[in-house]
$ cat upload_24.cif   # mmCIF, C-alpha atoms
data_coords
#
loop_
_atom_site.label_atom_id
_atom_site.label_comp_id
_atom_site.auth_asym_id
_atom_site.auth_seq_id
_atom_site.Cartn_x
_atom_site.Cartn_y
_atom_site.Cartn_z
CA MET P 1307 -38.50 30.09 19.49
CA THR P 1308 -37.38 26.62 20.35
CA TYR P 1309 -38.90 24.45 23.04
CA ARG P 1310 -35.94 25.17 25.33
CA GLN P 1311 -36.31 28.94 24.85
CA HIS P 1312 -40.02 28.77 25.63
CA PHE P 1313 -39.19 26.76 28.73
CA LEU P 1314 -36.68 29.36 29.99
CA VAL P 1315 -39.05 32.26 29.32
CA GLY P 1316 -41.78 30.40 31.17
CA ILE P 1317 -39.49 29.87 34.18
CA ALA P 1318 -38.58 33.60 34.24
CA ALA P 1319 -42.23 34.61 34.02
CA GLY P 1320 -43.14 32.17 36.76
CA ILE P 1321 -40.41 33.53 39.04
CA PHE P 1322 -41.57 37.10 38.39
CA ILE P 1323 -45.19 36.23 39.17
CA LEU P 1324 -44.06 34.43 42.33
CA ALA P 1325 -42.11 37.53 43.40
CA VAL P 1326 -45.22 39.67 42.83
CA CYS P 1327 -47.31 37.29 44.91
CA ILE P 1328 -44.76 37.28 47.74
CA GLU P 1329 -44.70 41.08 47.76
CA ALA P 1330 -48.51 41.20 47.70
CA VAL P 1331 -48.72 38.83 50.66
CA ARG P 1332 -46.16 40.89 52.56
CA MET P 1333 -48.05 44.13 51.94
CA GLY P 1334 -51.44 42.53 52.61
CA CYS P 1335 -50.42 41.80 56.16
CA ASP P 1336 -50.08 45.57 56.87
CA LEU P 1337 -52.39 47.40 54.42
CA GLY P 1338 -55.34 45.14 53.64
CA TRP P 1339 -56.38 44.05 50.21
CA VAL P 1340 -57.20 47.53 48.80
CA GLY P 1341 -53.99 48.98 50.08
CA THR P 1342 -52.15 45.90 48.92
CA PHE P 1343 -53.37 46.32 45.33
CA ASP P 1344 -52.33 49.99 45.29
CA GLY P 1345 -49.01 49.06 46.85
CA VAL P 1346 -48.25 46.30 44.37
CA VAL P 1347 -49.11 48.60 41.43
CA GLY P 1348 -46.86 51.27 42.85
CA TRP P 1349 -44.15 48.72 43.57
CA LEU P 1350 -44.23 47.61 39.95
CA GLY P 1351 -44.66 51.05 38.43
CA ARG P 1352 -41.74 52.64 40.31
CA PHE P 1353 -39.57 49.58 39.48
CA LYS P 1354 -38.90 49.17 43.17
CA TRP P 1355 -38.89 45.44 42.48
CA LEU P 1356 -35.61 45.96 40.64
CA TYR P 1357 -34.07 47.23 43.85
CA ASP P 1358 -35.63 44.59 46.09
CA TYR P 1359 -34.66 41.65 43.90
CA GLN P 1360 -31.56 43.03 42.19
CA THR P 1361 -29.38 40.15 43.43
CA PHE P 1362 -31.81 37.54 42.25
CA ILE P 1363 -32.37 39.35 38.93
CA GLY P 1364 -28.63 39.62 38.45
CA ALA P 1365 -28.31 35.90 39.02
CA LEU P 1366 -31.02 35.25 36.42
CA VAL P 1367 -29.32 37.56 33.93
CA ALA P 1368 -26.00 35.81 34.55
CA LEU P 1369 -27.70 32.45 34.13
CA GLY P 1370 -29.28 33.58 30.86
CA ALA P 1371 -25.95 34.95 29.62
CA ALA P 1372 -24.26 31.68 30.51
CA TYR P 1373 -26.96 29.76 28.65
CA TRP P 1374 -26.57 31.84 25.49
CA THR P 1375 -22.78 31.58 25.71
CA LEU P 1376 -22.92 27.80 26.03
CA ARG P 1377 -25.43 27.65 23.21
CA ALA P 1378 -23.14 29.72 20.96
CA ILE P 1379 -20.18 27.47 21.85
CA LYS P 1380 -22.24 24.38 21.12
CA LEU P 1381 -23.29 25.76 17.75
CA GLN P 1382 -19.68 26.62 16.98
CA VAL P 1383 -18.55 23.11 17.90
CA LEU P 1384 -21.28 21.57 15.77
CA GLN P 1385 -20.33 23.79 12.84
CA SER P 1386 -16.67 22.89 13.33
CA ARG P 1387 -17.49 19.16 13.37
CA SER P 1388 -19.65 19.55 10.28
CA SER P 1389 -16.85 21.43 8.52
CA THR P 1390 -14.32 18.77 9.55
CA LYS P 1391 -16.57 15.97 8.28
CA LEU P 1392 -17.02 17.83 5.01
CA GLN P 1393 -13.26 18.29 4.63
CA LEU P 1394 -12.64 14.60 5.41
CA ALA P 1395 -15.28 13.60 2.88
CA GLN P 1396 -13.61 15.81 0.27
CA VAL P 1397 -10.18 14.33 1.07
CA GLU P 1398 -11.58 10.79 0.81
CA ARG P 1399 -13.28 11.65 -2.47
CA HIS P 1400 -10.08 13.15 -3.90
CA GLU P 1401 -8.08 10.12 -2.74
CA ARG P 1402 -10.63 7.77 -4.28
CA GLU P 1403 -10.59 9.72 -7.54
CA ARG P 1404 -6.76 9.70 -7.51
CA ARG P 1405 -6.64 5.93 -7.01
CA GLU P 1406 -9.25 5.38 -9.71
CA ALA P 1407 -7.27 7.55 -12.11
CA LYS P 1408 -4.05 5.67 -11.29
CA ARG P 1409 -5.82 2.35 -11.76
CA ALA P 1410 -7.30 3.46 -15.09
CA ALA P 1411 -3.87 4.63 -16.30
CA ALA P 1412 -2.21 1.36 -15.25
CA ARG P 1413 -5.01 -0.64 -16.86
CA ALA P 1414 -4.71 1.35 -20.09
CA VAL P 1415 -1.10 0.23 -20.63
CA LEU P 1416 -1.66 -3.29 -19.28
CA PRO P 1417 -2.33 -4.82 -22.74
CA LEU P 1418 1.08 -3.55 -23.91
CA SER P 1419 2.77 -5.00 -20.83
CA LEU P 1420 1.02 -8.33 -21.26
CA GLY P 1421 2.04 -8.43 -24.90
CA VAL P 1422 5.70 -7.85 -24.00
CA LEU P 1423 5.41 -10.43 -21.23
CA GLY P 1424 4.02 -13.05 -23.60
CA GLU P 1425 6.63 -12.37 -26.26
CA THR P 1426 9.46 -12.64 -23.76
CA ALA P 1427 8.02 -15.93 -22.47
CA ARG P 1428 7.85 -17.22 -26.06
CA GLN P 1429 11.48 -16.31 -26.79
CA ARG P 1430 12.69 -17.87 -23.54
CA SER P 1431 10.65 -20.99 -24.20
CA GLN P 1432 12.37 -21.37 -27.57
CA ALA P 1433 15.76 -20.90 -25.91
CA LEU P 1434 14.90 -23.57 -23.33
CA LEU P 1435 13.79 -25.89 -26.12
CA GLU P 1436 17.32 -25.59 -27.55
CA VAL P 1437 18.73 -26.51 -24.14
CA LEU P 1438 16.43 -29.53 -23.87
CA GLY P 1439 17.48 -30.63 -27.36
CA GLN P 1440 21.11 -30.77 -26.21
CA CYS P 1441 20.34 -33.20 -23.38
CA GLN P 1442 21.84 -36.69 -23.72
CA ASP P 1443 20.58 -39.63 -21.70
CA ASN P 1444 18.32 -37.16 -19.77
CA PHE P 1445 21.26 -34.98 -18.70
CA LEU P 1446 22.68 -31.75 -20.09
CA PRO P 1447 26.33 -32.37 -21.05
CA LYS P 1448 28.95 -29.92 -19.86
CA ILE P 1449 29.94 -29.11 -23.44
CA ALA P 1450 26.43 -27.80 -24.12
CA VAL P 1451 26.20 -24.07 -24.73
CA LEU P 1452 23.43 -22.21 -22.95
CA PRO P 1453 21.68 -19.51 -24.99
CA LYS P 1454 21.10 -16.01 -23.66
CA PHE P 1455 17.80 -15.65 -21.84
CA ASP P 1456 16.13 -12.26 -22.18
CA SER P 1457 15.07 -10.64 -18.91
CA TYR P 1458 11.52 -9.55 -18.31
CA SER P 1459 11.17 -5.80 -18.82
CA ALA P 1460 11.39 -3.59 -15.75
CA ASP P 1461 8.59 -1.46 -17.21
CA VAL P 1462 6.34 -4.53 -17.36
CA LEU P 1463 7.06 -5.37 -13.73
CA SER P 1464 6.45 -1.74 -12.76
CA ASN P 1465 3.07 -1.81 -14.51
CA LEU P 1466 2.12 -5.01 -12.69
CA LYS P 1467 3.24 -3.45 -9.40
CA GLU P 1468 0.91 -0.50 -10.04
CA MET P 1469 -1.96 -2.86 -10.74
CA VAL P 1470 -1.27 -4.58 -7.41
CA GLU P 1471 -1.19 -1.21 -5.63
CA PHE P 1472 -4.43 0.13 -7.09
CA SER P 1473 -6.50 -3.06 -7.24
CA THR P 1474 -8.83 -4.71 -4.77
CA GLU P 1475 -7.61 -7.30 -2.32
CA PHE P 1476 -9.30 -10.00 -4.39
CA GLU P 1477 -7.55 -8.89 -7.61
CA ARG P 1478 -4.13 -8.53 -5.96
CA LYS P 1479 -3.88 -12.28 -5.49
CA TYR P 1480 -3.75 -12.93 -9.23
CA TYR P 1481 -1.26 -10.14 -9.98
CA SER P 1482 0.89 -11.21 -7.05
CA ARG P 1483 0.91 -14.82 -8.29
CA LEU P 1484 2.02 -13.65 -11.74
CA ILE P 1485 4.84 -11.55 -10.27
CA ILE P 1486 5.90 -14.44 -8.03
CA SER P 1487 6.00 -16.74 -11.09
CA ILE P 1488 8.29 -14.27 -12.89
CA GLN P 1489 10.59 -13.98 -9.87
CA LEU P 1490 10.76 -17.76 -9.37
CA GLN P 1491 11.51 -18.31 -13.04
CA ALA P 1492 14.39 -15.81 -12.89
CA SER P 1493 15.79 -17.62 -9.86
CA LYS P 1494 15.49 -21.04 -11.54
CA LEU P 1495 17.19 -19.81 -14.71
CA GLY P 1496 20.03 -18.49 -12.58
CA GLY P 1497 20.24 -21.89 -10.92
CA LEU P 1498 20.39 -23.56 -14.35
CA SER P 1499 23.43 -21.51 -15.34
CA ASN P 1500 25.15 -22.09 -11.99
CA ASP P 1501 24.59 -25.86 -12.02
CA HIS P 1502 25.76 -26.15 -15.61
CA SER P 1503 28.98 -24.28 -14.82
CA ARG P 1504 29.89 -26.40 -11.76
CA PRO P 1505 31.78 -29.63 -12.51
CA GLU P 1506 30.13 -31.56 -9.68
CA ALA P 1507 26.56 -30.57 -10.59
CA TRP P 1508 24.40 -31.97 -13.38
CA VAL P 1509 21.24 -30.61 -14.99
CA HIS P 1510 18.52 -33.21 -15.59
CA ALA P 1511 16.17 -32.95 -18.56
CA HIS P 1512 13.22 -32.77 -16.17
CA ASN P 1513 14.73 -29.58 -14.70
CA VAL P 1514 14.69 -28.03 -18.16
CA GLU P 1515 11.10 -29.20 -18.66
CA ALA P 1516 10.17 -27.51 -15.37
CA LEU P 1517 11.63 -24.26 -16.71
CA ILE P 1518 9.66 -24.66 -19.95
CA LEU P 1519 6.46 -25.18 -17.95
CA GLY P 1520 7.37 -22.11 -15.87
CA GLU P 1521 7.50 -19.96 -19.00
CA ALA P 1522 4.21 -21.51 -20.16
CA GLU P 1523 2.66 -20.57 -16.81
CA ILE P 1524 3.76 -16.93 -17.20
CA TYR P 1525 2.40 -16.88 -20.75
CA ALA P 1526 -0.91 -18.43 -19.65
CA ARG P 1527 -1.35 -16.05 -16.70
CA ALA P 1528 -0.65 -13.05 -18.93
CA SER P 1529 -3.06 -14.32 -21.61
CA ALA P 1530 -5.84 -14.82 -19.04
CA LEU P 1531 -5.58 -11.13 -18.12
CA PHE P 1532 -6.08 -9.78 -21.66
CA ALA P 1533 -9.90 -9.71 -21.47
CA PHE P 1534 -9.73 -7.53 -18.36
CA ALA P 1535 -6.92 -5.35 -19.71
CA ARG P 1536 -8.81 -4.62 -22.93
CA GLY P 1537 -12.06 -3.82 -21.11
CA ALA P 1538 -13.98 -6.85 -22.34
CA THR P 1539 -14.69 -7.68 -18.69
CA ASN P 1540 -14.15 -6.06 -15.30
CA ASP P 1541 -13.37 -9.35 -13.61
CA VAL P 1542 -9.80 -10.45 -12.97
CA PRO P 1543 -9.47 -14.25 -13.25
CA LEU P 1544 -9.24 -16.35 -10.11
CA HIS P 1545 -6.63 -18.78 -11.41
CA ILE P 1546 -5.50 -20.72 -14.46
CA VAL P 1547 -6.03 -24.42 -15.18
CA ARG P 1548 -3.75 -27.06 -16.68
CA ARG P 1549 -5.49 -26.83 -20.06
CA GLU P 1550 -4.29 -23.22 -20.33
CA ILE P 1551 -0.69 -24.39 -19.84
CA SER P 1552 -1.24 -26.75 -22.77
CA ALA P 1553 -2.49 -23.86 -24.90
CA ALA P 1554 0.51 -21.76 -23.86
CA LEU P 1555 2.90 -24.51 -25.01
CA PHE P 1556 1.23 -24.41 -28.42
CA LEU P 1557 1.22 -20.61 -28.67
CA THR P 1558 4.91 -20.38 -27.71
CA GLY P 1559 5.77 -22.73 -30.55
CA LEU P 1560 6.82 -25.82 -28.59
CA HIS P 1561 5.06 -28.23 -30.95
CA GLN P 1562 7.83 -30.86 -30.89
CA ILE P 1563 7.50 -31.64 -27.18
CA ARG P 1564 3.99 -30.39 -26.42
CA ASP P 1565 2.22 -33.75 -26.76
CA GLU P 1566 4.83 -35.43 -24.57
CA LEU P 1567 4.48 -32.79 -21.84
CA ILE P 1568 0.68 -32.89 -22.04
CA GLU P 1569 0.66 -36.63 -21.47
CA ARG P 1570 3.33 -36.63 -18.78
CA TYR P 1571 1.84 -33.81 -16.67
CA ASP P 1572 -1.87 -34.21 -17.50
CA LEU P 1573 -2.17 -30.81 -19.15
CA GLU P 1574 -5.57 -31.41 -20.77
CA SER P 1575 -7.53 -31.32 -17.51
CA ASP P 1576 -9.46 -28.45 -15.95
CA GLN P 1577 -7.67 -28.78 -12.64
CA ILE P 1578 -6.26 -25.60 -11.16
CA TRP P 1579 -2.60 -25.17 -12.09
CA GLU P 1580 -0.50 -25.63 -8.95
CA PRO P 1581 3.14 -26.15 -9.97
CA THR P 1582 4.49 -28.31 -7.13
CA ARG P 1583 5.90 -31.82 -6.89
CA LYS P 1584 2.80 -32.74 -4.90
CA HIS P 1585 0.77 -32.39 -8.13
CA GLY P 1586 3.09 -34.52 -10.27
CA LEU P 1587 5.18 -31.69 -11.65
CA PRO P 1588 9.00 -31.52 -11.69
CA PHE P 1589 9.17 -28.42 -9.48
#
$ encode --input "upload_24.cif" --output "structure tokens"
Amino acid sequence: MTYRQHFLVGIAAGIFILAVCIEAVRMGCDLGWVGTFDGVVGWLGRFKWLYDYQTFIGALVALGAAYWTLRAIKLQVLQSRSSTKLQLAQVERHERERREAKRAAARAVLPLSLGVLGETARQRSQALLEVLGQCQDNFLPKIAVLPKFDSYSADVLSNLKEMVEFSTEFERKYYSRLIISIQLQASKLGGLSNDHSRPEAWVHAHNVEALILGEAEIYARASALFAFARGATNDVPLHIVRREISAALFLTGLHQIRDELIERYDLESDQIWEPTRKHGLPF
């Protein structure tokens, strides 16, 4: 029995003893102590006390029934809460396992996506090198023919989107910056074609260099992710530095203009790459 049950039984016993004492006092006034003892024994033996205190006993029984009912309800509520918590824990565990599985699947194909991303950046860099080679007196003449620029694969972008969705908040920043770089580069290439086709607009050589550096940035950001994608580390990089842009220019085959761009935009430093005019870049 619990402490509370012992307490209730003790109260009932105390009330019963008190009732016996009250009856003994009442009889003692008329019969004396000997007669009182015989009377109390008879009162108890014939269960006359049930008749005399039936209202009070009924109230005690009702109180006891109410207590047990409330106790049963409380136990049921506690069991229900425990069951609900268990179900929520199972749902959270399944959701966590689902996200981990999605993340693992996206990470498994990430090396392929990064490879395609790097190859596309290399091809577009070569195409932009042709455009830069057609510039005369730092401007692109209207008779120049623009090559076709391959678009970045939708599957690659979808893979990067999945990595954003199933990564930590810290990791999302790097993936988001890579996706933003791809989107900005697409917009700038569209602007190049539009400006070249309009008679009143002219494309400066520095604008073409900015596009070349944009492709180098995409290549560098993709390359920096390879160690994570291949499982060599579980840490996604924080950022890329200017030296990695220099390496990207070499790996994309822009040997003719690489030294010039390195010197002009200080691409041999370990400063964080921030492609804005504020940092001396033609963006």
$ closest_residue --input "upload_24.cif" --among "P:Ala1516, P:Ser1487, P:Ala1378, P:Arg1549" --to "P:Gln1577" --atoms "all atoms listed in the file"
P:Arg1549
$ closest_residue --input "upload_24.cif" --among "P:Leu1394, P:Ile1524, P:Leu1531, P:Val1451" --to "P:Ile1486" --atoms "only C-alpha atoms"
P:Ile1524
$ closest_atom_pairs --input "upload_24.cif" --of "stretch 1459-1571 of chain P" --to "stretch 1443-1450 of chain P" --cutoff "7 Å" --atoms "only C-alpha atoms" --output "JSON lines"
{"residue": "P:His1502", "atom": "CA", "partner": "P:Lys1448", "partner_atom": "CA", "distance": 6.5}
{"residue": "P:Trp1508", "atom": "CA", "partner": "P:Phe1445", "partner_atom": "CA", "distance": 6.9}
{"residue": "P:Val1509", "atom": "CA", "partner": "P:Leu1446", "partner_atom": "CA", "distance": 5.4}
{"residue": "P:His1510", "atom": "CA", "partner": "P:Phe1445", "partner_atom": "CA", "distance": 4.5}
{"residue": "P:Ala1511", "atom": "CA", "partner": "P:Asn1444", "partner_atom": "CA", "distance": 4.9}
$ closest_residue --input "upload_24.cif" --among "P:Leu1544, P:Lys1479, P:Ser1499, P:Ile1518" --to "P:Glu1436" --atoms "all atoms listed in the file"
P:Ile1518
$ closest_residue --input "upload_24.cif" --among "P:Tyr1525, P:Thr1390, P:Glu1477, P:Pro1505" --to "P:Val1422" --atoms "all atoms listed in the file"
P:Tyr1525
